[in-house]
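Asker: My file is my_file.cif. It has mmCIF, C-alpha atoms:
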```cif
data_entry
#
loop_
_atom_site.label_atom_id
_atom_site.label_comp_id
_atom_site.auth_asym_id
_atom_site.auth_seq_id
_atom_site.Cartn_x
_atom_site.Cartn_y
_atom_site.Cartn_z
CA MET A 1 -10.77 -3.20 -13.51
CA ALA A 2 -9.33 -0.16 -15.27
CA ASN A 3 -12.75 0.71 -16.68
CA ARG A 4 -14.25 0.53 -13.19
CA HIS A 5 -11.50 2.81 -11.88
CA VAL A 6 -12.20 5.40 -14.58
CA LEU A 7 -15.95 5.16 -14.02
CA THR A 8 -15.64 5.76 -10.30
CA LEU A 9 -13.37 8.74 -10.99
CA VAL A 10 -15.94 10.26 -13.35
CA LEU A 11 -18.72 9.64 -10.83
CA LEU A 12 -16.60 11.20 -8.07
CA VAL A 13 -16.00 14.34 -10.14
CA LEU A 14 -19.72 14.51 -10.91
CA ALA A 15 -20.60 14.13 -7.22
CA ILE A 16 -18.19 16.93 -6.28
CA VAL A 17 -19.73 19.18 -8.96
CA ILE A 18 -23.20 18.40 -7.57
CA THR A 19 -22.00 19.24 -4.05
CA ILE A 20 -20.54 22.57 -5.20
CA PHE A 21 -23.73 23.40 -7.10
CA GLY A 22 -25.92 22.55 -4.08
CA SER A 23 -23.70 24.64 -1.81
CA PHE A 24 -23.84 27.62 -4.18
CA LEU A 25 -27.61 27.27 -4.47
CA GLY A 26 -27.87 27.10 -0.67
CA PHE A 27 -25.71 30.21 -0.32
CA LEU A 28 -28.07 32.15 -2.59
CA ALA A 29 -31.18 30.81 -0.82
CA TYR A 30 -29.98 31.35 2.74
CA SER A 31 -28.66 34.84 2.01
CA LYS A 32 -32.19 35.91 1.12
CA GLU A 33 -35.14 36.12 3.52
CA PRO A 34 -37.87 33.62 2.63
CA TYR A 35 -40.61 36.15 3.32
CA VAL A 36 -41.01 39.92 3.14
CA THR A 37 -43.55 41.52 5.48
CA LEU A 38 -45.84 44.20 4.10
CA GLN A 39 -48.54 46.15 5.91
CA GLU A 40 -51.99 46.37 4.38
CA VAL A 41 -54.57 48.87 5.62
CA THR A 42 -57.71 46.98 6.59
CA TYR A 43 -59.75 50.11 7.12
CA ARG A 44 -59.27 53.85 7.56
CA TYR A 45 -61.65 56.67 8.48
CA LYS A 46 -61.69 59.93 10.41
CA LYS A 47 -63.82 61.23 13.28
CA VAL A 48 -64.37 64.99 13.57
CA SER A 49 -65.74 66.38 16.84
CA MET A 50 -66.36 70.11 17.27
CA PHE A 51 -67.81 72.60 19.75
CA SER A 52 -68.70 76.13 18.68
CA GLY A 53 -70.84 78.89 20.10
CA TYR A 54 -70.86 82.30 21.69
CA TYR A 55 -71.50 84.12 24.92
CA TYR A 56 -74.79 86.06 24.81
CA LEU A 57 -74.08 89.40 26.55
CA LYS A 58 -76.16 91.87 28.49
CA PRO A 59 -76.16 95.45 27.16
CA ASN A 60 -72.78 96.96 28.08
CA ARG A 61 -70.22 99.55 27.04
CA ILE A 62 -67.22 97.17 27.23
CA TYR A 63 -67.75 95.14 24.10
CA ASP A 64 -69.00 96.38 20.74
CA ASN A 65 -71.09 93.29 20.03
CA CYS A 66 -73.81 91.51 21.91
CA THR A 67 -72.12 88.16 21.31
CA ILE A 68 -68.53 86.93 21.60
CA SER A 69 -67.22 83.56 20.39
CA ILE A 70 -66.40 81.06 23.11
CA GLY A 71 -63.03 80.61 21.42
CA SER A 72 -62.15 84.32 21.72
CA GLU A 73 -59.01 85.35 23.59
CA LEU A 74 -60.83 88.36 25.09
CA PRO A 75 -61.48 88.17 28.83
CA MET A 76 -65.08 87.33 29.62
CA TYR A 77 -66.74 88.94 32.68
CA LEU A 78 -69.42 86.93 34.39
CA ASN A 79 -71.73 89.85 35.23
CA LEU A 80 -71.95 90.75 31.50
CA VAL A 81 -73.02 87.25 30.35
CA GLU A 82 -76.65 86.19 30.12
CA GLY A 83 -75.91 82.70 28.86
CA ILE A 84 -73.99 80.49 26.45
CA ASN A 85 -75.30 79.44 23.05
CA LEU A 86 -73.48 76.17 22.35
CA SER A 87 -73.44 73.95 19.28
CA TYR A 88 -71.87 70.56 18.93
CA SER A 89 -71.26 68.62 15.71
CA TYR A 90 -69.89 65.15 15.08
CA ARG A 91 -69.23 63.39 11.81
CA VAL A 92 -67.42 60.35 10.45
CA GLU A 93 -65.55 60.80 7.18
CA GLU A 94 -64.52 58.18 4.60
CA ALA A 95 -67.01 55.66 6.01
CA GLU A 96 -70.67 55.15 6.89
CA ALA A 97 -71.58 55.60 10.55
CA LEU A 98 -74.79 54.77 12.40
CA GLY A 99 -75.41 55.25 16.12
CA ASP A 100 -76.33 57.76 18.81
CA VAL A 101 -74.81 60.75 20.56
CA GLU A 102 -75.53 61.68 24.18
CA LEU A 103 -74.78 65.18 25.47
CA ASN A 104 -74.86 65.96 29.20
CA VAL A 105 -74.26 69.23 31.02
CA PHE A 106 -73.10 68.96 34.63
CA LEU A 107 -72.74 71.65 37.27
CA LYS A 108 -69.65 70.66 39.23
CA HIS A 109 -68.76 71.91 42.70
CA PRO A 110 -65.07 72.44 43.65
CA ASP A 111 -65.45 69.70 46.29
CA GLY A 112 -65.95 67.18 43.48
CA TRP A 113 -69.66 66.46 43.48
CA SER A 114 -71.81 67.40 40.49
CA LYS A 115 -75.44 67.57 39.36
CA LYS A 116 -76.78 66.82 35.90
CA TYR A 117 -78.27 69.99 34.50
CA ILE A 118 -79.11 69.25 30.84
CA GLU A 119 -79.39 65.95 28.97
CA LYS A 120 -79.85 65.35 25.24
CA LYS A 121 -79.62 62.20 23.15
CA LEU A 122 -79.89 61.88 19.38
CA ASN A 123 -79.59 59.12 16.82
CA PHE A 124 -77.44 59.93 13.82
CA GLU A 125 -76.20 58.64 10.50
CA ASN A 126 -72.75 59.87 9.43
CA TYR A 127 -73.37 63.34 10.90
CA THR A 128 -75.20 64.94 13.81
CA GLY A 129 -75.51 68.38 15.35
CA ILE A 130 -76.84 69.46 18.75
CA SER A 131 -77.60 73.00 19.92
CA LEU A 132 -78.42 74.18 23.42
CA TYR A 133 -78.56 77.30 25.52
CA ILE A 134 -77.07 77.42 29.02
CA ASP A 135 -78.69 80.13 31.15
CA LEU A 136 -75.91 81.15 33.55
CA ASN A 137 -78.24 83.07 35.86
CA ASN A 138 -80.41 80.00 36.26
CA ALA A 139 -77.39 77.71 36.69
CA SER A 140 -75.84 80.02 39.31
CA GLN A 141 -79.10 80.21 41.27
CA TYR A 142 -79.42 76.42 41.20
CA MET A 143 -75.89 75.92 42.54
CA GLU A 144 -76.39 78.63 45.18
CA SER A 145 -79.48 76.83 46.43
CA LEU A 146 -77.52 73.59 46.73
CA CYS A 147 -74.66 75.32 48.55
CA ARG A 148 -77.06 76.86 51.05
CA GLU A 149 -78.07 73.35 52.06
CA LEU A 150 -74.40 72.78 52.93
CA GLY A 151 -74.06 76.09 54.71
CA GLN A 152 -71.61 77.29 52.10
CA LYS A 153 -71.37 80.39 50.02
CA LEU A 154 -70.92 79.73 46.32
CA SER A 155 -67.82 81.32 44.86
CA PHE A 156 -66.81 78.99 42.05
CA PHE A 157 -68.22 76.13 39.97
CA ASP A 158 -67.76 74.49 36.57
CA VAL A 159 -70.24 73.98 33.79
CA VAL A 160 -69.05 70.70 32.23
CA VAL A 161 -70.30 69.71 28.80
CA ASP A 162 -69.66 66.02 28.11
CA VAL A 163 -70.50 64.26 24.84
CA HIS A 164 -70.27 60.54 24.20
CA ALA A 165 -70.95 58.81 20.87
CA ASN A 166 -71.62 55.10 20.30
CA HIS A 167 -71.83 53.93 16.73
CA SER A 168 -70.94 51.35 14.14
CA VAL A 169 -68.72 52.24 11.19
CA LYS A 170 -68.98 50.50 7.85
CA VAL A 171 -65.88 50.63 5.66
CA GLY A 172 -66.47 48.66 2.49
CA THR A 173 -67.78 45.31 3.66
CA LEU A 174 -66.20 45.63 7.13
CA VAL A 175 -68.25 46.83 10.12
CA VAL A 176 -66.43 48.23 13.17
CA LEU A 177 -67.89 49.25 16.53
CA ASP A 178 -66.47 52.55 17.76
CA THR A 179 -66.96 55.29 20.37
CA ASN A 180 -65.95 58.91 20.77
CA SER A 181 -65.87 61.25 23.77
CA HIS A 182 -65.43 65.00 23.89
CA ARG A 183 -65.52 67.28 26.94
CA ILE A 184 -65.15 70.98 27.58
CA SER A 185 -65.87 73.02 30.70
CA PHE A 186 -66.62 76.63 31.57
CA ALA A 187 -65.06 77.81 34.83
CA ILE A 188 -67.52 80.16 36.54
CA ASP A 189 -65.45 82.23 38.98
CA ILE A 190 -67.93 84.36 40.90
CA ALA A 191 -65.29 85.87 43.16
CA ARG A 192 -63.18 87.07 40.21
CA ASN A 193 -66.21 87.80 37.99
CA ARG A 194 -64.68 85.70 35.16
CA ILE A 195 -65.62 82.89 32.78
CA ASP A 196 -62.89 80.74 31.23
CA VAL A 197 -63.32 77.83 28.85
CA ASP A 198 -61.12 74.77 29.24
CA GLY A 199 -60.60 71.92 26.76
CA ALA A 200 -60.13 71.56 23.01
CA LEU A 201 -63.10 72.94 21.10
CA ALA A 202 -62.37 70.76 18.06
CA TYR A 203 -60.27 67.77 17.16
CA GLU A 204 -59.94 65.09 14.52
CA VAL A 205 -59.24 61.44 15.28
CA PRO A 206 -57.90 59.27 12.43
CA GLU A 207 -58.74 55.62 12.88
CA GLU A 208 -57.08 52.83 10.97
CA GLN A 209 -56.19 49.19 11.28
CA LYS A 210 -53.35 47.43 9.52
CA LYS A 211 -52.47 43.79 9.13
CA ASN A 212 -49.14 42.22 8.28
CA LEU A 213 -48.87 40.23 5.08
CA SER A 214 -46.05 37.72 4.59
CA ILE A 215 -45.14 37.60 0.91
CA PRO A 216 -42.94 34.63 -0.17
CA GLN A 217 -39.71 35.70 -1.87
CA LYS A 218 -38.86 34.11 -5.19
CA LEU A 219 -35.55 32.70 -6.43
CA PHE A 220 -35.33 31.22 -9.93
CA GLY A 221 -39.12 31.28 -10.03
CA LEU A 222 -39.48 29.20 -6.85
CA ASP A 223 -40.16 30.15 -3.24
CA VAL A 224 -36.95 30.76 -1.29
CA GLY A 225 -38.02 28.13 1.27
CA THR A 226 -38.41 25.56 -1.52
CA VAL A 227 -34.99 26.45 -2.97
CA ARG A 228 -33.47 26.05 0.50
CA SER A 229 -34.90 22.54 0.78
CA ILE A 230 -33.73 21.63 -2.74
CA SER A 231 -30.21 22.96 -2.08
CA THR A 232 -29.98 20.99 1.16
CA LEU A 233 -31.08 17.82 -0.63
CA ILE A 234 -28.65 18.33 -3.55
CA THR A 235 -25.73 19.09 -1.21
CA SER A 236 -26.52 16.09 0.97
CA VAL A 237 -26.70 13.75 -2.02
CA GLY A 238 -23.41 15.16 -3.38
CA VAL A 239 -21.59 14.84 -0.05
CA ILE A 240 -22.84 11.32 0.64
CA THR A 241 -22.06 10.15 -2.90
CA SER A 242 -18.60 11.75 -2.83
CA GLY A 243 -17.81 10.12 0.51
CA ALA A 244 -19.01 6.71 -0.67
CA LEU A 245 -16.99 6.92 -3.88
CA LEU A 246 -13.87 8.01 -2.00
CA VAL A 247 -14.18 5.05 0.36
CA PHE A 248 -14.81 2.69 -2.56
CA ARG A 249 -11.84 4.02 -4.51
CA SER A 250 -9.53 3.88 -1.51
CA ARG A 251 -10.44 0.26 -0.89
CA THR A 252 -10.22 -0.83 -4.50
CA SER A 253 -7.03 1.13 -5.26
CA SER A 254 -4.92 -0.96 -2.89
CA ARG A 255 -6.38 -4.20 -4.24
CA THR A 256 -5.73 -2.99 -7.75
CA PHE A 257 -2.14 -2.27 -6.82
CA VAL A 258 -1.85 -5.76 -5.31
CA ASN A 259 -3.15 -7.22 -8.56
CA VAL A 260 -0.58 -5.19 -10.50
CA ILE A 261 2.21 -6.51 -8.25
CA ASP A 262 0.98 -10.10 -8.53
CA SER A 263 0.71 -9.97 -12.30
CA LYS A 264 4.09 -8.29 -12.77
CA TYR A 265 6.16 -10.31 -10.28
CA GLY A 266 4.06 -13.45 -9.98
CA ASN A 267 7.03 -15.64 -10.96
CA ILE A 268 8.85 -14.84 -7.70
CA ILE A 269 5.84 -14.45 -5.36
CA ILE A 270 4.64 -17.26 -3.12
CA SER A 271 1.34 -16.92 -1.21
CA ALA A 272 1.30 -17.95 2.44
CA GLU A 273 -1.83 -18.86 4.38
CA ASP A 274 -0.25 -18.63 7.84
CA PRO A 275 1.21 -15.40 9.22
CA PRO A 276 5.01 -15.31 9.20
CA LEU A 277 6.98 -14.95 12.40
CA LEU A 278 8.51 -11.48 12.40
CA ARG A 279 10.99 -10.07 14.90
CA ASN A 280 10.60 -6.32 15.24
CA ASP A 281 14.31 -5.77 15.78
CA ARG A 282 15.16 -7.46 12.48
CA ILE A 283 12.46 -6.01 10.24
CA VAL A 284 13.47 -3.66 7.43
CA GLN A 285 10.61 -1.67 5.97
CA VAL A 286 11.00 -1.29 2.21
CA SER A 287 9.54 1.83 0.63
CA GLY A 288 8.67 0.34 -2.77
CA ILE A 289 7.88 -3.00 -4.34
CA GLU A 290 10.70 -2.52 -6.85
CA ASP A 291 13.21 -2.31 -3.99
CA LEU A 292 11.84 -5.50 -2.49
CA VAL A 293 12.10 -7.23 -5.88
CA LYS A 294 15.75 -6.15 -6.15
CA VAL A 295 16.46 -7.58 -2.70
CA ALA A 296 14.72 -10.86 -3.58
CA ARG A 297 16.68 -11.23 -6.82
CA LEU A 298 19.94 -10.25 -5.16
CA LEU A 299 19.47 -12.79 -2.37
CA GLU A 300 17.83 -15.27 -4.73
CA LYS A 301 14.88 -15.52 -2.39
CA PRO A 302 11.18 -15.71 -3.18
CA ILE A 303 8.75 -13.00 -2.10
CA ILE A 304 6.24 -14.32 0.38
CA LYS A 305 2.76 -12.78 0.12
CA TYR A 306 0.48 -12.80 3.15
CA ILE A 307 -2.96 -11.15 3.33
CA ASP A 308 -3.61 -9.84 6.86
CA ASN A 309 -7.39 -9.41 6.87
CA ASP A 310 -7.42 -8.38 10.52
CA ASN A 311 -5.29 -5.31 9.78
CA CYS A 312 -6.59 -4.84 6.22
CA THR A 313 -3.06 -5.14 4.76
CA THR A 314 -1.13 -7.30 2.32
CA LEU A 315 2.48 -8.09 3.30
CA TYR A 316 5.22 -8.86 0.81
CA ILE A 317 8.18 -10.42 2.64
CA VAL A 318 11.71 -11.47 1.79
CA ALA A 319 13.18 -13.42 4.70
CA THR A 320 16.84 -14.18 5.39
CA SER A 321 18.57 -15.55 8.41
CA ASP A 322 19.61 -12.05 9.48
CA TYR A 323 16.83 -9.71 8.40
CA THR A 324 13.29 -9.69 7.16
CA TYR A 325 12.47 -7.22 4.40
CA VAL A 326 8.83 -6.13 4.34
CA PHE A 327 6.74 -4.10 1.91
CA LYS A 328 3.21 -3.41 3.15
CA VAL A 329 0.12 -2.46 1.15
CA ASN A 330 -2.75 -1.01 3.20
CA HIS A 331 -6.19 -1.79 1.86
CA SER A 332 -7.52 1.51 3.23
CA HIS A 333 -5.04 3.51 1.12
CA GLU A 334 -2.41 2.81 -1.47
CA THR A 335 1.25 2.47 -0.40
CA GLN A 336 4.08 2.24 -2.85
#
```
Take the structure I supplied and represent it as structure tokens, if you would.

Answerer:
Amino acid sequence: MANRHVLTLVLLVLAIVITIFGSFLGFLAYSKEPYVTLQEVTYRYKKVSMFSGYYYLKPNRIYDNCTISIGSELPMYLNLVEGINLSYSYRVEEAEALGDVELNVFLKHPDGWSKKYIEKKLNFENYTGISLYIDLNNASQYMESLCRELGQKLSFFDVVVDVHANHSVKVGTLVVLDTNSHRISFAIDIARNRIDVDGALAYEVPEEQKKNLSIPQKLFGLDVGTVRSISTLITSVGVITSGALLVFRSRTSSRTFVNVIDSKYGNIIISAEDPPLLRNDRIVQVSGIEDLVKVARLLEKPIIKYIDNDNCTTLYIVATSDYTYVFKVNHSHETQ
């Protein structure tokens, strides 16, 4: 019996150590995120779209040159301009591109309606360039003829240059479908005798796509999620084992104590199968078995032992005509 008591104590200590270890392992695992999210670039390239050109001038004494860049900050007078030499270029960098570019020139009335004036379409691979000449005298005459049909006098219109590209882009082994649009316009103000350009002449568009990657975090060489599961299992086993051993020890400790009492004072103990009749007003609870033994010897009375299985207790009783002395041992915990 003593060996069993020591063995259960050792096992209980071991179970508590396992519980502490599992809890510590769980603390480390749950204080660390199981995954870290990183962004990986799937593809990246750049689109470059650009207009350039110049106004072709009539002979005049205002400007020193016969041409002026369309991007110049100098005022441009309509009556001095013969036409516009315009160039457009489009390229895709850091990738391979294949597709087509469509350029349209519209003459737009202030009321909102417009007429297509020039149309060009080219296939390209990585790069393309388009050049055209817009004859402003011809364009003005065309718009004036249309306005006469409406009974209007032409005083203002826009020359809109619209470019649209459709193409596929190959980046490594990945193929992406893409588009690009670019528009500028020349405001032809007949009443003010001015030409003004509106819109960005050049721009770059970076294109990229990223995807999120979930990288498992490691702890002691294992994934954090795996360590979390292991710590939960270890802690659960430790807690359950500790609880079971505590219950087992609490139940056996009282029986062990009863055996000690029986072996030590068996000469004055009598076992009773039937429960004794006890009056609550005459019961004296004794705090220790030694005190009860002293009472029994003093009164020269035997100690009656009764096992109360219903209440999980063992009663040791010394009965006299006046009082009943009782020492109780609970089977759920040890009482001395």

Asker: Determine the nearest neighbour of Lys328 in chain A from the options A:Leu7, A:Val258, A:Cys66, A:Val159, counting only C-alpha atoms.

Answerer: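 Among the listed residues, the smallest separation from Lys328 in chain A belongs to A:Val258.
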
Asker: List the residues matched by the PyMOL selection byres ((chain A and resi 293-306) around 9) in the displayed structure as a PyMOL selection string, ordered by chain and then by residue number.

Answerer: chain A and resi 265+267-276+288-292+307-308+313-320+325

Asker: Residues of the last selection are to be written out with C-alpha atoms, as a CSV table (one decimal), in the frame of the given file.

Answerer:
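What landed in again-v4.csv:
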```csv
chain,number,residue,atom,x,y,z
A,265,TYR,CA,6.2,-10.3,-10.3
A,267,ASN,CA,7.0,-15.6,-11.0
A,268,ILE,CA,8.8,-14.8,-7.7
A,269,ILE,CA,5.8,-14.4,-5.4
A,270,ILE,CA,4.6,-17.3,-3.1
A,271,SER,CA,1.3,-16.9,-1.2
A,272,ALA,CA,1.3,-18.0,2.4
A,273,GLU,CA,-1.8,-18.9,4.4
A,274,ASP,CA,-0.2,-18.6,7.8
A,275,PRO,CA,1.2,-15.4,9.2
A,276,PRO,CA,5.0,-15.3,9.2
A,288,GLY,CA,8.7,0.3,-2.8
A,289,ILE,CA,7.9,-3.0,-4.3
A,290,GLU,CA,10.7,-2.5,-6.8
A,291,ASP,CA,13.2,-2.3,-4.0
A,292,LEU,CA,11.8,-5.5,-2.5
A,307,ILE,CA,-3.0,-11.2,3.3
A,308,ASP,CA,-3.6,-9.8,6.9
A,313,THR,CA,-3.1,-5.1,4.8
A,314,THR,CA,-1.1,-7.3,2.3
A,315,LEU,CA,2.5,-8.1,3.3
A,316,TYR,CA,5.2,-8.9,0.8
A,317,ILE,CA,8.2,-10.4,2.6
A,318,VAL,CA,11.7,-11.5,1.8
A,319,ALA,CA,13.2,-13.4,4.7
A,320,THR,CA,16.8,-14.2,5.4
A,325,TYR,CA,12.5,-7.2,4.4
```

Asker: Give me the residues near range 23-37 of chain A as a PyMOL selection string, where near means some atom within 6 Å (using all atoms listed in the file) and where sequence neighbours in that chain fewer than 2 positions away do not count.

Answerer: chain A and resi 20-21+213-217+224-225+228+231+235

Asker: Calculate how many Å separate CA of Arg282 in chain A from CA of Asn259 in chain A, rounding to one decimal.

Answerer: 27.9 Å

Asker: When the PyMOL selection byres ((chain A and resi 209) around 9) is applied to the structure above, which residues does it catch, written out as a PDB file with C-alpha atoms, in the coordinates of the input?

Answerer:
```pdb
ATOM      1  CA  GLU A  40     -51.990  46.370   4.380  1.00  0.00           C
ATOM      2  CA  VAL A  41     -54.570  48.870   5.620  1.00  0.00           C
ATOM      3  CA  THR A  42     -57.710  46.980   6.590  1.00  0.00           C
ATOM      4  CA  TYR A  43     -59.750  50.110   7.120  1.00  0.00           C
ATOM      5  CA  ARG A  44     -59.270  53.850   7.560  1.00  0.00           C
ATOM      6  CA  GLU A 207     -58.740  55.620  12.880  1.00  0.00           C
ATOM      7  CA  GLU A 208     -57.080  52.830  10.970  1.00  0.00           C
ATOM      8  CA  LYS A 210     -53.350  47.430   9.520  1.00  0.00           C
ATOM      9  CA  LYS A 211     -52.470  43.790   9.130  1.00  0.00           C
TER      10      LYS A 211
END
```

Asker: Evaluated on this file, the PyMOL selection byres ((chain A and resi 45) around 10) picks out some residues - which ones are they, written as a list in words?

Answerer: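 Applying the PyMOL selection byres ((chain A and resi 45) around 10) to the structure shown produces Tyr43, Arg44, Lys46, Lys47, Val92, Glu93, Glu94, Ala95, Glu96, Val169, Lys170, Val171, Val205, Pro206, Glu207, Glu208 and Gln209 of chain A.
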
Asker: Identify, on the basis of only C-alpha atoms, every residue whose closest approach to range 73-75 of chain A does not exceed 9 Å; exclude the query and any residue fewer than 5 positions from it along the same chain; express the result as a VMD selection string.

Answerer: chain A and resid 68 194 to 196

Asker: Could the centre and edge lengths of an axis-aligned box, enclosing all atoms of range 122-125 of chain A in the file with 6 Å extra on each side, be given in Å to one decimal as JSON?

Answerer:
```
{"center_x": -78.0, "center_y": 60.3, "center_z": 14.9, "size_x": 15.7, "size_y": 15.2, "size_z": 20.9}
```

Asker: Which of these, A:Ala165, A:Leu9, A:Phe220, A:Glu144, has the shortest distance to Lys120 in chain A once you count all atoms listed in the file?

Answerer: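 Checking each candidate against Lys120 in chain A, we get A:Ala165 as the closest.
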
Asker: Could you tell me which of A:Val260, A:Gly129, A:Ile240, A:Val329 comes closest to Leu12 in chain A if we count all atoms listed in the file?

Answerer: A:Ile240

Asker: Here is a test: counting all atoms listed in the file, which residue of A:Ser114, A:Asp158, A:Ser145, A:Tyr54 is nearest to Tyr133 in chain A?

Answerer: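 For Tyr133 in chain A, the nearest of the given residues is A:Tyr54.
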
Asker: I'd like the interatomic distance between CA of Pro110 in chain A and CA of Ala187 in chain A, to a tenth of an Å.

Answerer: 10.3 Å

Asker: Restricting the calculation to only C-alpha atoms: of A:Phe327, A:Tyr117, A:Tyr127, A:Phe51, which residue gets closest to Ser87 in chain A?

Answerer: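 Ranking A:Phe327, A:Tyr117, A:Tyr127, A:Phe51 by distance to Ser87 in chain A, first place goes to A:Phe51.
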
Asker: Using CA of Val175 in chain A and CA of Met50 in chain A as the two end points, give the distance in Å to one decimal.

Answerer: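 Distance between the two atoms: 24.4 Å.
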
Asker: Within 12 Å of Val13 in chain A, counting all atoms listed in the file, which residues show up once you throw out same-chain ones fewer than 5 positions away? Write them as a list in words, please.

Answerer: Val6, Leu7, Thr8, Ile18, Thr19, Ile20, Gly238, Val239, Thr241, Ser242, Gly243, Leu245 and Leu246 of chain A

Asker: Neighbouring residues of Gln152 in chain A were defined as those with any atom within 12 Å, considering all atoms listed in the file; residues of the same chain fewer than 3 positions away were excluded. Please report them as a ChimeraX atom specification.

Answerer: /A:109-111,143-149,155-156

Asker: Point out the residue among A:Met76, A:Val17, A:Val227, A:Leu277 with the least atom-to-atom distance to Arg192 in chain A, counting only C-alpha atoms.

Answerer: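 Smallest separation from Arg192 in chain A among the options: A:Met76.
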
Asker: Residues proximal to (-79.2, 57.5, 19.5) were defined as those with any atom within 7 Å of that point in the file's coordinates, counting only C-alpha atoms. Which are they, as a list in words?

Answerer: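 Here is the list of nearby residues: Gly99, Asp100, Val101, Lys121, Leu122, Asn123 and Phe124 of chain A.
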
Asker: Since the input has fewer atoms than a full residue there, write range 262-277 of chain A out with N, CA and C atoms, as a PDB file, in the coordinates of the input.

Answerer:
```
ATOM      1  N   ASP A 262       1.060  -8.646  -8.317  1.00  0.00           N
ATOM      2  CA  ASP A 262       0.980 -10.100  -8.530  1.00  0.00           C
ATOM      3  C   ASP A 262       1.178 -10.464  -9.993  1.00  0.00           C
ATOM      4  N   SER A 263       0.589  -9.648 -10.881  1.00  0.00           N
ATOM      5  CA  SER A 263       0.710  -9.970 -12.300  1.00  0.00           C
ATOM      6  C   SER A 263       2.111  -9.687 -12.846  1.00  0.00           C
ATOM      7  N   LYS A 264       2.769  -8.688 -12.273  1.00  0.00           N
ATOM      8  CA  LYS A 264       4.090  -8.290 -12.770  1.00  0.00           C
ATOM      9  C   LYS A 264       5.203  -9.165 -12.205  1.00  0.00           C
ATOM     10  N   TYR A 265       5.073  -9.550 -10.926  1.00  0.00           N
ATOM     11  CA  TYR A 265       6.160 -10.310 -10.280  1.00  0.00           C
ATOM     12  C   TYR A 265       5.670 -11.657  -9.775  1.00  0.00           C
ATOM     13  N   GLY A 266       4.638 -12.188 -10.449  1.00  0.00           N
ATOM     14  CA  GLY A 266       4.060 -13.450  -9.980  1.00  0.00           C
ATOM     15  C   GLY A 266       5.036 -14.610 -10.015  1.00  0.00           C
ATOM     16  N   ASN A 267       6.080 -14.535 -10.852  1.00  0.00           N
ATOM     17  CA  ASN A 267       7.030 -15.640 -10.960  1.00  0.00           C
ATOM     18  C   ASN A 267       7.919 -15.794  -9.738  1.00  0.00           C
ATOM     19  N   ILE A 268       8.009 -14.731  -8.899  1.00  0.00           N
ATOM     20  CA  ILE A 268       8.850 -14.840  -7.700  1.00  0.00           C
ATOM     21  C   ILE A 268       8.029 -14.655  -6.413  1.00  0.00           C
ATOM     22  N   ILE A 269       6.705 -14.642  -6.519  1.00  0.00           N
ATOM     23  CA  ILE A 269       5.840 -14.450  -5.360  1.00  0.00           C
ATOM     24  C   ILE A 269       5.204 -15.768  -4.975  1.00  0.00           C
ATOM     25  N   ILE A 270       5.258 -16.055  -3.676  1.00  0.00           N
ATOM     26  CA  ILE A 270       4.640 -17.260  -3.120  1.00  0.00           C
ATOM     27  C   ILE A 270       3.615 -16.812  -2.073  1.00  0.00           C
ATOM     28  N   SER A 271       2.391 -17.282  -2.178  1.00  0.00           N
ATOM     29  CA  SER A 271       1.340 -16.920  -1.210  1.00  0.00           C
ATOM     30  C   SER A 271       1.436 -17.817   0.008  1.00  0.00           C
ATOM     31  N   ALA A 272       1.262 -17.206   1.165  1.00  0.00           N
ATOM     32  CA  ALA A 272       1.300 -17.950   2.440  1.00  0.00           C
ATOM     33  C   ALA A 272      -0.033 -17.792   3.149  1.00  0.00           C
ATOM     34  N   GLU A 273      -0.547 -18.905   3.682  1.00  0.00           N
ATOM     35  CA  GLU A 273      -1.830 -18.860   4.380  1.00  0.00           C
ATOM     36  C   GLU A 273      -1.661 -18.522   5.855  1.00  0.00           C
ATOM     37  N   ASP A 274      -0.506 -18.891   6.428  1.00  0.00           N
ATOM     38  CA  ASP A 274      -0.250 -18.630   7.840  1.00  0.00           C
ATOM     39  C   ASP A 274       0.614 -17.388   7.982  1.00  0.00           C
ATOM     40  N   PRO A 275       0.407 -16.616   9.037  1.00  0.00           N
ATOM     41  CA  PRO A 275       1.210 -15.400   9.220  1.00  0.00           C
ATOM     42  C   PRO A 275       2.655 -15.739   9.535  1.00  0.00           C
ATOM     43  N   PRO A 276       3.581 -15.046   8.925  1.00  0.00           N
ATOM     44  CA  PRO A 276       5.010 -15.310   9.200  1.00  0.00           C
ATOM     45  C   PRO A 276       5.412 -14.778  10.575  1.00  0.00           C
ATOM     46  N   LEU A 277       6.464 -15.423  11.128  1.00  0.00           N
ATOM     47  CA  LEU A 277       6.980 -14.950  12.400  1.00  0.00           C
ATOM     48  C   LEU A 277       7.992 -13.843  12.147  1.00  0.00           C
TER      49      LEU A 277
END
```
